[in-house]
file final.txt (compact mmCIF, C-alpha atoms and all ligand atoms)
# COMPACT_ATOMS: atom_id res chain seq x y z
CA MET D 281 10.72 -9.20 -17.74
CA ILE D 282 8.72 -5.97 -17.65
CA LEU D 283 6.54 -5.25 -14.59
CA VAL D 284 4.26 -2.25 -14.22
CA GLY D 285 2.79 -0.72 -11.06
CA LEU D 286 -0.08 1.74 -11.31
CA ASP D 287 -0.99 3.83 -8.26
CA VAL D 288 -4.27 5.55 -9.01
CA GLY D 289 -4.34 8.04 -6.14
CA THR D 290 -6.71 10.85 -5.27
CA THR D 291 -4.05 13.49 -5.95
CA LYS D 292 -1.83 11.88 -8.53
CA VAL D 293 -1.59 8.86 -10.78
CA THR D 294 1.86 7.27 -10.84
CA ALA D 295 3.04 4.54 -13.15
CA VAL D 296 6.34 2.78 -12.47
CA ILE D 297 7.89 0.39 -14.96
CA GLY D 298 10.39 -2.11 -13.60
CA GLU D 299 12.63 -4.60 -15.32
CA LEU D 300 13.32 -7.81 -13.47
CA SER D 301 16.47 -9.67 -14.47
CA PRO D 302 16.64 -13.47 -14.22
CA ASP D 303 18.95 -13.13 -11.19
CA GLY D 304 16.25 -11.21 -9.35
CA ILE D 305 17.52 -7.64 -9.67
CA LEU D 306 14.76 -5.08 -10.04
CA ASP D 307 15.57 -1.96 -12.06
CA VAL D 308 13.14 0.94 -12.25
CA ILE D 309 13.34 1.98 -15.91
CA GLY D 310 10.34 4.27 -16.26
CA GLU D 311 8.16 6.57 -14.17
CA GLY D 312 5.28 8.85 -14.96
CA THR D 313 3.24 11.01 -12.61
CA VAL D 314 0.31 13.24 -13.53
CA PRO D 315 -2.29 15.03 -11.40
CA SER D 316 -5.20 12.73 -10.80
CA GLN D 317 -8.64 13.60 -12.06
CA GLY D 318 -11.87 11.77 -11.44
CA LEU D 319 -11.27 10.29 -7.98
CA ARG D 320 -12.62 11.13 -4.56
CA ARG D 321 -11.15 9.59 -1.45
CA GLY D 322 -9.51 6.83 -3.39
CA VAL D 323 -12.63 5.91 -5.37
CA VAL D 324 -13.27 6.48 -9.09
CA THR D 325 -16.11 8.98 -9.48
CA ASN D 326 -15.49 9.95 -13.10
CA LEU D 327 -14.46 7.06 -15.32
CA GLU D 328 -13.36 9.07 -18.36
CA ARG D 329 -11.20 11.48 -16.42
CA THR D 330 -9.56 8.69 -14.44
CA THR D 331 -8.83 6.79 -17.66
CA GLU D 332 -7.27 9.90 -19.18
CA SER D 333 -4.99 10.41 -16.15
CA ILE D 334 -3.96 6.75 -16.30
CA ARG D 335 -3.26 7.00 -20.02
CA GLN D 336 -1.03 10.04 -19.48
CA ALA D 337 0.93 8.56 -16.56
CA ILE D 338 1.52 5.32 -18.49
CA PHE D 339 2.51 7.25 -21.62
CA GLN D 340 5.11 9.23 -19.66
CA ALA D 341 6.54 6.12 -18.04
CA GLU D 342 6.65 4.27 -21.38
CA ARG D 343 8.49 7.15 -23.01
CA VAL D 344 11.19 7.09 -20.32
CA ALA D 345 11.47 3.29 -20.33
CA GLY D 346 11.29 2.83 -24.08
CA VAL D 347 8.95 -0.15 -23.62
CA LYS D 348 5.22 -0.63 -23.87
CA ALA D 349 3.17 -1.30 -20.73
CA GLU D 350 0.56 -3.97 -21.30
CA ARG D 351 -0.34 -5.59 -17.99
CA VAL D 352 -0.41 -3.59 -14.79
CA TRP D 353 -0.63 -4.14 -11.04
CA VAL D 354 -3.10 -1.69 -9.57
CA GLY D 355 -3.26 -0.31 -6.02
CA VAL D 356 -6.57 -0.23 -4.16
CA ALA D 357 -7.68 2.11 -1.36
CA GLY D 358 -10.84 3.94 -0.36
CA ALA D 359 -13.44 3.79 2.36
CA HIS D 360 -15.05 0.72 0.73
CA VAL D 361 -12.07 -1.46 1.67
CA ARG D 362 -12.73 -3.86 4.55
CA SER D 363 -10.09 -5.83 6.43
CA VAL D 364 -10.51 -8.56 8.98
CA THR D 365 -8.43 -11.35 10.43
CA SER D 366 -10.36 -14.57 10.00
CA HIS D 367 -9.84 -18.00 11.46
CA GLY D 368 -9.65 -21.28 9.55
CA LEU D 369 -9.47 -24.88 10.71
CA ALA D 370 -8.56 -28.19 9.08
CA ALA D 371 -8.62 -31.62 10.68
CA ILE D 372 -5.59 -33.80 9.93
CA ARG D 373 -5.92 -37.53 9.72
CA ARG D 374 -4.27 -39.26 12.64
CA GLY D 375 -0.72 -40.36 11.90
CA GLN D 376 -0.42 -38.11 8.84
CA GLN D 377 1.88 -35.13 8.34
CA ILE D 378 0.41 -31.75 7.48
CA THR D 379 0.43 -31.30 3.71
CA PRO D 380 0.08 -28.21 1.51
CA ALA D 381 -3.46 -29.37 0.75
CA ASP D 382 -4.32 -29.23 4.48
CA VAL D 383 -2.94 -25.71 4.69
CA GLU D 384 -4.95 -24.71 1.64
CA ARG D 385 -8.08 -26.23 3.22
CA ALA D 386 -7.63 -24.25 6.44
CA ILE D 387 -7.02 -21.04 4.46
CA GLU D 388 -10.09 -21.69 2.29
CA GLN D 389 -12.21 -21.97 5.40
CA ALA D 390 -10.92 -18.65 6.72
CA LYS D 391 -11.64 -17.08 3.33
CA ALA D 392 -15.32 -17.88 3.70
CA TYR D 393 -15.75 -14.90 6.04
CA PRO D 394 -19.13 -13.26 5.35
CA PHE D 395 -18.40 -9.63 4.46
CA GLU D 396 -21.61 -7.67 4.73
CA GLY D 397 -22.76 -6.43 1.32
CA ASP D 398 -21.32 -6.96 -2.12
CA TYR D 399 -17.61 -7.58 -1.63
CA GLU D 400 -14.74 -9.05 -3.60
CA LEU D 401 -11.74 -10.55 -1.86
CA ILE D 402 -8.44 -8.82 -2.71
CA HIS D 403 -6.03 -10.61 -0.35
CA ALA D 404 -6.07 -13.65 1.89
CA LEU D 405 -2.71 -13.49 3.66
CA PRO D 406 -1.90 -16.21 6.21
CA LEU D 407 -0.53 -14.73 9.40
CA ASP D 408 0.05 -17.49 11.93
CA PHE D 409 -0.62 -21.18 12.22
CA ARG D 410 -1.45 -23.29 15.25
CA VAL D 411 -0.97 -27.04 15.39
CA ASP D 412 -2.89 -28.81 18.17
CA GLY D 413 -3.13 -25.50 20.01
CA GLN D 414 0.56 -24.66 19.78
CA GLU D 415 0.84 -21.06 18.64
CA GLY D 416 3.25 -19.04 16.53
CA ILE D 417 3.99 -21.57 13.80
CA ARG D 418 5.00 -19.97 10.52
CA ASP D 419 5.26 -23.07 8.37
CA PRO D 420 3.27 -26.12 9.52
CA ILE D 421 3.94 -28.28 6.45
CA GLY D 422 5.50 -31.61 7.42
CA MET D 423 4.52 -31.27 11.09
CA ALA D 424 2.52 -33.90 12.92
CA GLY D 425 -0.83 -33.08 14.52
CA VAL D 426 -4.57 -33.57 14.27
CA ARG D 427 -5.80 -29.99 14.28
CA LEU D 428 -4.44 -27.22 12.06
CA GLU D 429 -5.61 -23.66 12.64
CA VAL D 430 -4.71 -20.51 10.77
CA ASP D 431 -5.28 -16.77 11.13
CA VAL D 432 -5.69 -15.17 7.72
CA HIS D 433 -5.78 -11.43 7.11
CA LEU D 434 -8.53 -10.82 4.58
CA VAL D 435 -8.83 -7.63 2.57
CA ALA D 436 -11.93 -7.07 0.48
CA GLY D 437 -13.19 -4.20 -1.65
CA GLY D 438 -16.68 -3.16 -2.70
CA LYS D 439 -17.62 -4.81 -6.01
CA GLY D 440 -18.79 -1.51 -7.52
CA PRO D 441 -15.65 0.55 -6.76
CA LEU D 442 -13.36 -2.31 -7.84
CA THR D 443 -15.26 -2.78 -11.11
CA ASN D 444 -14.97 0.94 -11.86
CA LEU D 445 -11.26 0.95 -11.08
CA ARG D 446 -10.71 -2.02 -13.40
CA LYS D 447 -12.78 -0.34 -16.11
CA ALA D 448 -10.81 2.90 -15.86
CA VAL D 449 -7.58 0.92 -16.33
CA GLU D 450 -8.91 -1.27 -19.14
CA ASN D 451 -10.33 1.72 -21.01
CA ALA D 452 -6.76 3.06 -21.08
CA GLY D 453 -5.84 -0.02 -23.12
CA LEU D 454 -4.24 -1.96 -20.27
CA GLU D 455 -4.86 -5.35 -18.76
CA VAL D 456 -5.21 -5.60 -14.97
CA GLU D 457 -2.77 -8.24 -13.79
CA GLY D 458 -3.87 -7.94 -10.17
CA LEU D 459 -5.16 -5.64 -7.43
CA VAL D 460 -3.09 -4.91 -4.32
CA LEU D 461 -3.99 -2.98 -1.19
CA GLN D 462 -2.10 0.32 -1.41
CA ALA D 463 -0.76 0.28 2.14
CA TYR D 464 0.46 -3.29 1.70
CA ALA D 465 2.31 -2.27 -1.45
CA SER D 466 3.81 0.77 0.32
CA GLY D 467 5.11 -1.50 3.09
CA LEU D 468 6.75 -3.82 0.58
CA ALA D 469 8.63 -0.84 -0.83
CA VAL D 470 9.86 0.85 2.35
CA LEU D 471 10.38 -1.65 5.17
CA SER D 472 14.00 -2.49 5.96
CA PRO D 473 15.06 -6.09 6.67
CA GLU D 474 15.20 -5.21 10.38
CA GLU D 475 11.66 -3.82 10.29
CA LEU D 476 10.50 -6.97 8.52
CA SER D 477 11.55 -8.94 11.58
CA MET D 478 9.54 -6.84 14.06
CA THR D 479 6.01 -5.40 14.32
CA VAL D 480 5.69 -2.02 12.63
CA MET D 481 2.86 0.29 11.65
CA LEU D 482 2.92 1.97 8.27
CA VAL D 483 0.85 5.14 7.87
CA ASP D 484 0.50 6.36 4.27
CA ILE D 485 -1.00 9.86 4.32
CA GLY D 486 -2.24 10.48 0.80
CA GLY D 487 -4.47 13.20 -0.58
CA GLY D 488 -7.91 11.78 0.10
CA THR D 489 -7.19 8.83 2.37
CA THR D 490 -4.72 7.67 4.97
CA ASP D 491 -3.90 3.99 4.74
CA VAL D 492 -2.75 2.09 7.79
CA ALA D 493 -1.01 -1.29 7.77
CA VAL D 494 0.60 -3.27 10.56
CA PHE D 495 3.26 -5.75 9.50
CA ARG D 496 4.17 -8.49 11.95
CA GLN D 497 7.40 -10.12 10.89
CA GLY D 498 6.71 -9.01 7.37
CA ARG D 499 3.16 -10.31 7.30
CA LEU D 500 0.10 -8.09 7.19
CA ALA D 501 -1.59 -8.28 10.60
CA HIS D 502 -3.94 -5.32 10.30
CA SER D 503 -5.03 -2.80 7.70
CA ALA D 504 -7.42 0.12 7.63
CA VAL D 505 -8.36 3.01 5.38
CA ILE D 506 -9.08 6.37 7.05
CA PRO D 507 -11.06 8.76 4.86
CA LEU D 508 -8.85 11.77 5.67
CA GLY D 509 -5.60 12.96 4.14
CA GLY D 510 -3.47 15.90 3.05
CA ASP D 511 -6.33 17.42 1.05
CA HIS D 512 -8.25 17.90 4.28
CA VAL D 513 -5.30 19.85 5.67
CA SER D 514 -5.44 22.08 2.59
CA GLN D 515 -9.20 22.49 2.96
CA ASP D 516 -8.77 23.57 6.59
CA ILE D 517 -6.23 26.20 5.56
CA ALA D 518 -8.46 27.38 2.71
CA LYS D 519 -11.43 27.75 5.01
CA LEU D 520 -9.63 29.53 7.82
CA LEU D 521 -7.57 31.87 5.64
CA GLN D 522 -10.43 32.27 3.15
CA ILE D 523 -8.26 31.42 0.18
CA PRO D 524 -8.75 28.97 -2.75
CA VAL D 525 -7.85 25.34 -2.01
CA GLU D 526 -5.09 25.32 -4.66
CA GLU D 527 -3.46 28.31 -2.99
CA ALA D 528 -3.84 26.63 0.40
CA GLU D 529 -2.07 23.51 -0.93
CA ARG D 530 0.78 25.59 -2.35
CA VAL D 531 1.19 27.41 0.96
CA ALA D 532 1.04 24.15 2.96
CA LYS D 533 3.77 22.56 0.83
CA LYS D 534 6.00 25.61 0.93
CA TYR D 535 5.60 26.89 4.47
CA GLY D 536 3.66 24.20 6.30
CA ALA D 537 4.81 22.64 9.56
CA ALA D 538 3.15 20.14 11.87
CA LEU D 539 4.41 21.88 15.01
CA PRO D 540 4.22 25.66 15.57
CA GLU D 541 7.56 25.61 17.39
CA LEU D 542 9.21 24.29 14.20
CA ALA D 543 7.84 27.09 12.06
CA ASP D 544 10.09 30.10 11.65
CA PRO D 545 8.50 32.89 13.74
CA GLU D 546 10.18 35.49 11.50
CA LEU D 547 8.69 33.98 8.36
CA VAL D 548 5.81 35.91 6.90
CA LEU D 549 3.99 34.24 4.07
CA GLU D 550 2.11 35.95 1.33
CA VAL D 551 -1.16 34.33 0.30
CA SER D 552 -3.40 35.35 -2.56
CA GLN D 553 -7.01 35.70 -1.62
CA GLU D 554 -9.83 35.68 -4.14
CA GLY D 555 -9.22 38.60 -6.53
CA THR D 556 -5.40 38.66 -6.03
CA THR D 557 -5.29 40.59 -2.75
CA GLN D 558 -2.10 39.61 -0.94
CA ILE D 559 -2.39 38.85 2.74
CA SER D 560 0.46 38.21 5.16
CA TYR D 561 0.51 35.45 7.73
CA GLN D 562 3.11 34.25 10.14
CA ALA D 563 4.33 30.71 9.65
CA PRO D 564 3.55 29.53 13.23
CA GLU D 565 -0.05 30.63 12.70
CA LEU D 566 -0.25 28.32 9.69
CA ALA D 567 1.19 25.44 11.72
CA ARG D 568 -1.54 25.94 14.31
CA ILE D 569 -4.10 25.37 11.55
CA ILE D 570 -2.32 22.28 10.21
CA ARG D 571 -1.60 20.49 13.47
CA PRO D 572 -5.12 19.53 14.65
CA ARG D 573 -5.97 17.72 11.40
CA LEU D 574 -2.71 15.78 11.39
CA ARG D 575 -3.27 14.90 15.03
CA GLU D 576 -6.73 13.63 14.15
CA ILE D 577 -5.34 11.47 11.34
CA LEU D 578 -2.65 10.00 13.62
CA HIS D 579 -5.22 9.47 16.36
CA LEU D 580 -7.50 7.52 14.02
CA ALA D 581 -4.53 5.41 12.91
CA ARG D 582 -3.76 4.60 16.53
CA GLN D 583 -7.39 3.86 17.31
CA SER D 584 -7.70 1.38 14.46
CA VAL D 585 -4.68 -0.56 15.77
CA ASP D 586 -5.83 -0.33 19.41
CA GLU D 587 -9.16 -1.87 18.45
CA ALA D 588 -7.77 -4.61 16.21
CA LEU D 589 -4.59 -5.67 18.00
CA GLY D 590 -4.48 -4.00 21.40
CA PRO D 591 -2.67 -0.86 22.65
CA LEU D 592 -0.37 0.55 19.97
CA GLU D 593 2.64 1.12 22.25
CA ILE D 594 2.57 -2.51 23.27
CA THR D 595 1.82 -4.15 19.93
CA VAL D 596 3.96 -2.00 17.65
CA GLY D 597 7.69 -1.24 17.88
CA LYS D 598 8.03 1.45 15.25
CA VAL D 599 6.04 3.71 12.94
CA ILE D 600 6.90 4.44 9.32
CA LEU D 601 5.31 7.36 7.49
CA THR D 602 4.79 7.53 3.71
CA GLY D 603 2.60 9.47 1.28
CA GLY D 604 2.66 13.12 0.24
CA GLY D 605 0.80 14.24 3.36
CA SER D 606 3.67 12.95 5.50
CA MET D 607 6.07 15.42 3.90
CA VAL D 608 4.93 18.32 6.10
CA ARG D 609 7.89 19.50 8.13
CA GLY D 610 7.85 18.22 11.69
CA LEU D 611 5.34 15.42 11.20
CA GLU D 612 7.88 12.82 12.29
CA GLU D 613 8.27 14.68 15.57
CA LEU D 614 4.53 15.16 16.05
CA ALA D 615 4.00 11.43 15.48
CA ARG D 616 6.84 10.53 17.84
CA LYS D 617 5.22 12.58 20.60
CA GLN D 618 1.73 11.30 19.92
CA PHE D 619 2.60 7.61 19.61
CA ASN D 620 5.47 7.54 22.07
CA LEU D 621 7.31 5.28 19.61
CA PRO D 622 10.24 5.59 17.20
CA VAL D 623 9.08 7.12 13.92
CA ARG D 624 10.78 7.49 10.56
CA MET D 625 9.88 8.63 7.07
CA GLY D 626 9.67 5.79 4.54
CA LYS D 627 11.16 6.03 1.08
CA PRO D 628 11.32 3.14 -1.40
CA LEU D 629 14.37 0.97 -0.73
CA GLY D 630 16.28 -1.66 -2.60
CA VAL D 631 15.53 -0.67 -6.17
CA GLN D 632 18.00 0.28 -8.83
CA GLY D 633 17.70 2.44 -11.90
CA LEU D 634 15.75 5.68 -11.60
CA THR D 635 16.17 5.77 -7.84
CA ASP D 636 16.32 9.56 -7.64
CA VAL D 637 12.88 9.80 -9.24
CA VAL D 638 11.14 7.17 -7.15
CA ALA D 639 12.90 7.55 -3.78
CA ALA D 640 10.15 9.76 -2.33
CA PRO D 641 7.41 8.96 0.21
CA THR D 642 4.84 9.68 -2.53
CA HIS D 643 6.18 6.83 -4.66
CA ALA D 644 6.10 4.07 -2.05
CA THR D 645 2.85 2.57 -3.36
CA ALA D 646 3.81 2.45 -7.04
CA VAL D 647 7.26 1.00 -6.32
CA GLY D 648 5.71 -1.51 -3.91
CA LEU D 649 3.34 -2.71 -6.62
CA VAL D 650 6.32 -3.50 -8.85
CA ARG D 651 8.07 -5.17 -5.91
CA HIS D 652 5.00 -7.33 -5.29
CA ALA D 653 4.89 -8.29 -8.97
CA ALA D 654 8.60 -9.15 -8.87
CA SER D 655 8.31 -11.39 -5.82
CA LEU D 656 5.44 -13.29 -7.45
CA ALA D 657 7.38 -13.65 -10.69
CA LEU D 658 10.43 -14.97 -8.86
CA GLN D 659 8.37 -17.68 -7.19
CA THR D 660 7.06 -19.07 -10.43
CA PRO D 661 9.73 -18.10 -12.94
CA SER D 662 8.88 -20.52 -15.71
CA ALA D 663 5.16 -19.88 -15.48
CA ARG D 664 5.69 -16.16 -15.85
CA GLY D 665 8.23 -16.28 -18.63
CA LEU D 666 11.12 -14.94 -16.63
CA ARG D 667 13.34 -17.78 -17.75
CA PRO D 668 12.79 -19.67 -20.98
CA ALA D 669 10.31 -22.39 -20.00
CA ARG D 670 11.63 -25.88 -20.46
CA LYS D 671 9.39 -28.43 -22.11
CA PRO D 672 7.57 -30.37 -19.40
CA SER D 673 8.66 -33.98 -19.31
CA PRO D 674 5.65 -36.26 -19.57
CA GLY D 675 4.02 -37.15 -16.27
CA LYS D 676 6.19 -34.78 -14.26
CA PRO D 677 4.47 -31.58 -13.24
CA GLN D 678 6.64 -28.48 -13.54
CA PRO D 679 7.14 -26.38 -10.46
CA GLY D 680 4.79 -23.44 -10.64
CA SER D 681 2.33 -25.00 -13.06
CA GLU D 682 -1.10 -24.00 -11.77
CA GLY D 683 -3.32 -26.82 -10.68
CA ALA D 684 -0.55 -29.38 -10.35
CA ALA D 685 0.17 -30.46 -6.80
CA SER D 686 3.70 -29.10 -7.05
CA GLY D 687 2.31 -25.78 -8.24
CA LEU D 688 0.26 -25.52 -5.10
CA TRP D 689 3.31 -26.40 -3.06
CA GLU D 690 5.32 -23.70 -4.79
CA ARG D 691 2.59 -21.19 -4.13
CA ILE D 692 2.36 -22.08 -0.48
CA LYS D 693 6.12 -22.05 -0.06
CA GLY D 694 6.08 -18.68 -1.73
CA MET D 695 3.61 -17.38 0.81
CA PHE D 696 6.10 -18.04 3.55
CA LYS D 697 9.02 -16.64 1.64
CA ASN D 698 7.37 -13.48 0.53
CA PHE D 699 4.87 -12.84 3.26
CA PHE D 700 1.90 -12.14 1.08
N1 LIG E 1 5.88 18.71 0.53
C1 LIG E 1 4.63 18.56 0.96
N2 LIG E 1 4.23 19.08 2.14
C2 LIG E 1 2.99 18.93 2.58
N3 LIG E 1 2.02 18.26 1.93
C3 LIG E 1 2.35 17.70 0.77
C4 LIG E 1 3.65 17.81 0.22
N4 LIG E 1 3.67 17.14 -0.96
C5 LIG E 1 2.44 16.64 -1.12
N5 LIG E 1 1.63 16.99 -0.10
C6 LIG E 1 0.21 16.65 0.09
O1 LIG E 1 0.12 15.24 -0.02
C7 LIG E 1 -1.12 14.87 -0.61
C8 LIG E 1 -0.86 13.93 -1.77
O2 LIG E 1 -0.17 12.81 -1.35
P1 LIG E 1 0.00 11.53 -2.29
O3 LIG E 1 0.65 11.92 -3.57
O4 LIG E 1 0.66 10.48 -1.49
O5 LIG E 1 -1.55 11.21 -2.53
P2 LIG E 1 -2.30 10.14 -3.44
O6 LIG E 1 -1.53 8.87 -3.44
O7 LIG E 1 -2.58 10.74 -4.77
O8 LIG E 1 -3.67 10.02 -2.67
P3 LIG E 1 -4.42 8.77 -1.99
O9 LIG E 1 -3.36 7.82 -1.56
O10 LIG E 1 -5.18 9.40 -0.86
O11 LIG E 1 -5.34 8.25 -3.01
C9 LIG E 1 -1.79 16.16 -1.04
O12 LIG E 1 -2.80 16.47 -0.10
C10 LIG E 1 -0.67 17.18 -1.01
O13 LIG E 1 -1.14 18.46 -0.68
MG MG E 2 -1.52 7.12 -2.28
call {"tool": "encode", "arguments": {"input": "final.txt", "output": "structure tokens", "more": "lines below"}}
Ligand SMILES: Nc1ncnc2c1ncn2[C@@H]1O[C@H](COP(=O)(O)OP(=O)(O)OP(=O)(O)O)[C@@H](O)[C@H]1O
Ligand SMILES: [Mg+2]
result
Amino acid sequence: MILVGLDVGTTKVTAVIGELSPDGILDVIGEGTVPSQGLRRGVVTNLERTTESIRQAIFQAERVAGVKAERVWVGVAGAHVRSVTSHGLAAIRRGQQITPADVERAIEQAKAYPFEGDYELIHALPLDFRVDGQEGIRDPIGMAGVRLEVDVHLVAGGKGPLTNLRKAVENAGLEVEGLVLQAYASGLAVLSPEELSMTVMLVDIGGGTTDVAVFRQGRLAHSAVIPLGGDHVSQDIAKLLQIPVEEAERVAKKYGAALPELADPELVLEVSQEGTTQISYQAPELARIIRPRLREILHLARQSVDEALGPLEITVGKVILTGGGSMVRGLEELARKQFNLPVRMGKPLGVQGLTDVVAAPTHATAVGLVRHAASLALQTPSARGLRPARKPSPGKPQPGSEGAASGLWERIKGMFKNFF
């Protein structure tokens, strides 16, 4: 089965094609990355240019994979994204066990959260259940009780930006299979089994935005989009050194460091100013320009968690950094100092195939999209054509068939298994 992830970022568009075998092994068989055109801070601002970038990234990935991409999973970010943890309640009839339908009812109620403005729900991810006030229940089905409560993490996007994103993808001749929050996808790609059993914060520093996600035992407990990223670092350098932004980005990638003490004091970098004049700068000087912006980004990440869940050091056990902006030398150390927590760089884990191409912090989102698609496909194999579908015997609903009671059950069971 062919699965395609499409990360339409502010800096680059990446397509990853995965092949899922019936025994659940996910092979990356194609990848394509092109510079992104037509987006600002994660939002499509020029439809035609975005479509062209998508077309090129998909074309590259298809050429490597030798297969055609038809349906794609698309990552969503941008300042229009809203996240909130909402509460749902369902009364259970006395003497009855909690059924999947009760769970669904409680989740539906939580989903009715009134987002201000014109919003479309992207995710409704159950976090924790309570039965008759008893907290911390992961799977309430089959339990006895009269009152079922659930906390559901809702992620919604502005109707306009989501419509434009879909259009850009469809105009490239592709069908949108689903939308996934970028930071959620990145987490699915990089978290280790150990990290899935604790509370961790993922910070994906992209070009135009920084996406924050807190995973509690593998489930999304908080998410936020900060409208700052690596491009702002480049803009700071460009402004202060009076050089073009492209030159500033090149210099940042080559010589940049998040801490002046990590920059080589002997290193003198040559930068081209407008009109090809060469100017010399010392590397620590450059680090002093870079550091404040990165500190600001990390500070805003911390603040969003503090406000939603309580003090970061108490609620979170570890921080994982992904995205191109996290590749600045010394950022891990800066983050460790600032958060007072263990920090590591996140690279996509647990995939086979073109691992050398995709095992970079910049590819976490695209690989995570394919991972997400794979976990959904594995829950409902027959419905998604992973295994040859057997003919349904009359009167007996097939597992995974939408609408049938057992289908609902499968879906709910899947939610627990795959924490989405
Ligand atoms: N080695 C590097 N050192 C420092 N910065 C880097 C490096 N590589 C990439 N960057 C910066 O990372 C940013 C791009 O990151 P990434 O590819 O994750 O963004 P994106 O996914 O396209 O954007 P977004 O997620 O914001 O939509 C750019 O600002 C770029 O300058
Ligand atoms: Mg990104």
call {"tool": "residues_around", "arguments": {"input": "final.txt", "residues": "stretch 494-506 of chain D", "least_positions_apart": "3", "cutoff": "6 Å", "atoms": "only C-alpha atoms", "output": "ChimeraX atom specification"}}
result
/D:359,476-481,489-491,699
call {"tool": "atom_distance", "arguments": {"input": "final.txt", "atom1": "atom CA of D:Ala463", "atom2": "atom CA of D:Gly648"}}
result
9.0 Å
call {"tool": "residues_near_ligand", "arguments": {"input": "final.txt", "ligand": "ligand LIG 1 (chain E)", "cutoff": "9 Å", "atoms": "only C-alpha atoms and all ligand atoms", "output": "ChimeraX atom specification"}}
result
/D:287-294,315-316,319-323,356-358,462-463,484-491,507-514,526,528-537,602-609,641-645
call {"tool": "closest_residue", "arguments": {"input": "final.txt", "among": "D:Leu589, D:His367, D:Ala646, D:Ser472", "to": "ligand MG 2 (chain E)", "atoms": "all atoms listed in the file"}}
result
D:Ala646
call {"tool": "closest_residue", "arguments": {"input": "final.txt", "among": "D:Gly355, D:Gly312, D:Gly285, D:Gly597", "to": "ligand MG 2 (chain E)", "atoms": "all atoms listed in the file"}}
result
D:Gly355
call {"tool": "residues_near_point", "arguments": {"input": "final.txt", "point": "(7.8, -29.3, 3.4)", "cutoff": "9 Å", "atoms": "all atoms listed in the file", "output": "PyMOL selection string"}}
result
chain D and resi 378-380+419-423+689+693
call {"tool": "atom_distance", "arguments": {"input": "final.txt", "atom1": "atom CA of D:Thr595", "atom2": "atom CA of D:Leu611"}}
result
21.7 Å
call {"tool": "closest_residue", "arguments": {"input": "final.txt", "among": "D:Thr325, D:Ser466, D:Gln389, D:Gln583", "to": "ligand MG 2 (chain E)", "atoms": "all atoms listed in the file"}}
result
D:Ser466
call {"tool": "closest_residue", "arguments": {"input": "final.txt", "among": "D:Leu520, D:Leu547, D:Ala581, D:Val647", "to": "ligand MG 2 (chain E)", "atoms": "all atoms listed in the file"}}
result
D:Val647
call {"tool": "closest_residue", "arguments": {"input": "final.txt", "among": "D:Leu649, D:Ser655, D:Arg582, D:Asp636", "to": "ligand MG 2 (chain E)", "atoms": "all atoms listed in the file"}}
result
D:Leu649
call {"tool": "residues_around", "arguments": {"input": "final.txt", "residues": "stretch 443-456 of chain D", "least_positions_apart": "4", "cutoff": "12 Å", "atoms": "only C-alpha atoms", "output": "PyMOL selection string"}}
result
chain D and resi 283-289+293+295+317-319+322-339+348-358+398-400+437-439+460
call {"tool": "decode", "arguments": {"input": "final.txt", "residues": "stretch 359-388 of chain D", "atoms": "C-alpha atoms", "output": "PDB file, in the first residue's frame"}}
result
ATOM      1  CA  ALA D 359      -0.993  31.379  13.079  1.00  0.00           C
ATOM      2  CA  HIS D 360      -4.628  30.557  12.204  1.00  0.00           C
ATOM      3  CA  VAL D 361      -4.396  27.207  14.015  1.00  0.00           C
ATOM      4  CA  ARG D 362      -6.205  27.118  17.370  1.00  0.00           C
ATOM      5  CA  SER D 363      -5.862  24.394  19.986  1.00  0.00           C
ATOM      6  CA  VAL D 364      -7.836  23.847  23.135  1.00  0.00           C
ATOM      7  CA  THR D 365      -8.543  20.998  25.515  1.00  0.00           C
ATOM      8  CA  SER D 366     -12.295  20.642  25.799  1.00  0.00           C
ATOM      9  CA  HIS D 367     -14.432  18.685  28.201  1.00  0.00           C
ATOM     10  CA  GLY D 368     -17.202  16.243  27.311  1.00  0.00           C
ATOM     11  CA  LEU D 369     -19.724  14.391  29.440  1.00  0.00           C
ATOM     12  CA  ALA D 370     -22.046  11.432  28.903  1.00  0.00           C
ATOM     13  CA  ALA D 371     -24.511   9.974  31.374  1.00  0.00           C
ATOM     14  CA  ILE D 372     -24.528   6.169  31.577  1.00  0.00           C
ATOM     15  CA  ARG D 373     -27.679   4.315  32.385  1.00  0.00           C
ATOM     16  CA  ARG D 374     -27.572   2.764  35.823  1.00  0.00           C
ATOM     17  CA  GLY D 375     -26.435  -0.852  35.790  1.00  0.00           C
ATOM     18  CA  GLN D 376     -24.982  -0.600  32.276  1.00  0.00           C
ATOM     19  CA  GLN D 377     -21.357  -0.899  31.207  1.00  0.00           C
ATOM     20  CA  ILE D 378     -19.727   1.931  29.295  1.00  0.00           C
ATOM     21  CA  THR D 379     -19.982   1.234  25.569  1.00  0.00           C
ATOM     22  CA  PRO D 380     -18.130   2.678  22.568  1.00  0.00           C
ATOM     23  CA  ALA D 381     -21.277   4.659  21.804  1.00  0.00           C
ATOM     24  CA  ASP D 382     -21.078   6.345  25.239  1.00  0.00           C
ATOM     25  CA  VAL D 383     -17.448   7.252  24.598  1.00  0.00           C
ATOM     26  CA  GLU D 384     -18.376   8.648  21.203  1.00  0.00           C
ATOM     27  CA  ARG D 385     -21.179  10.688  22.806  1.00  0.00           C
ATOM     28  CA  ALA D 386     -18.827  12.222  25.377  1.00  0.00           C
ATOM     29  CA  ILE D 387     -16.272  13.032  22.658  1.00  0.00           C
ATOM     30  CA  GLU D 388     -18.976  14.573  20.449  1.00  0.00           C
TER      31      GLU D 388
END
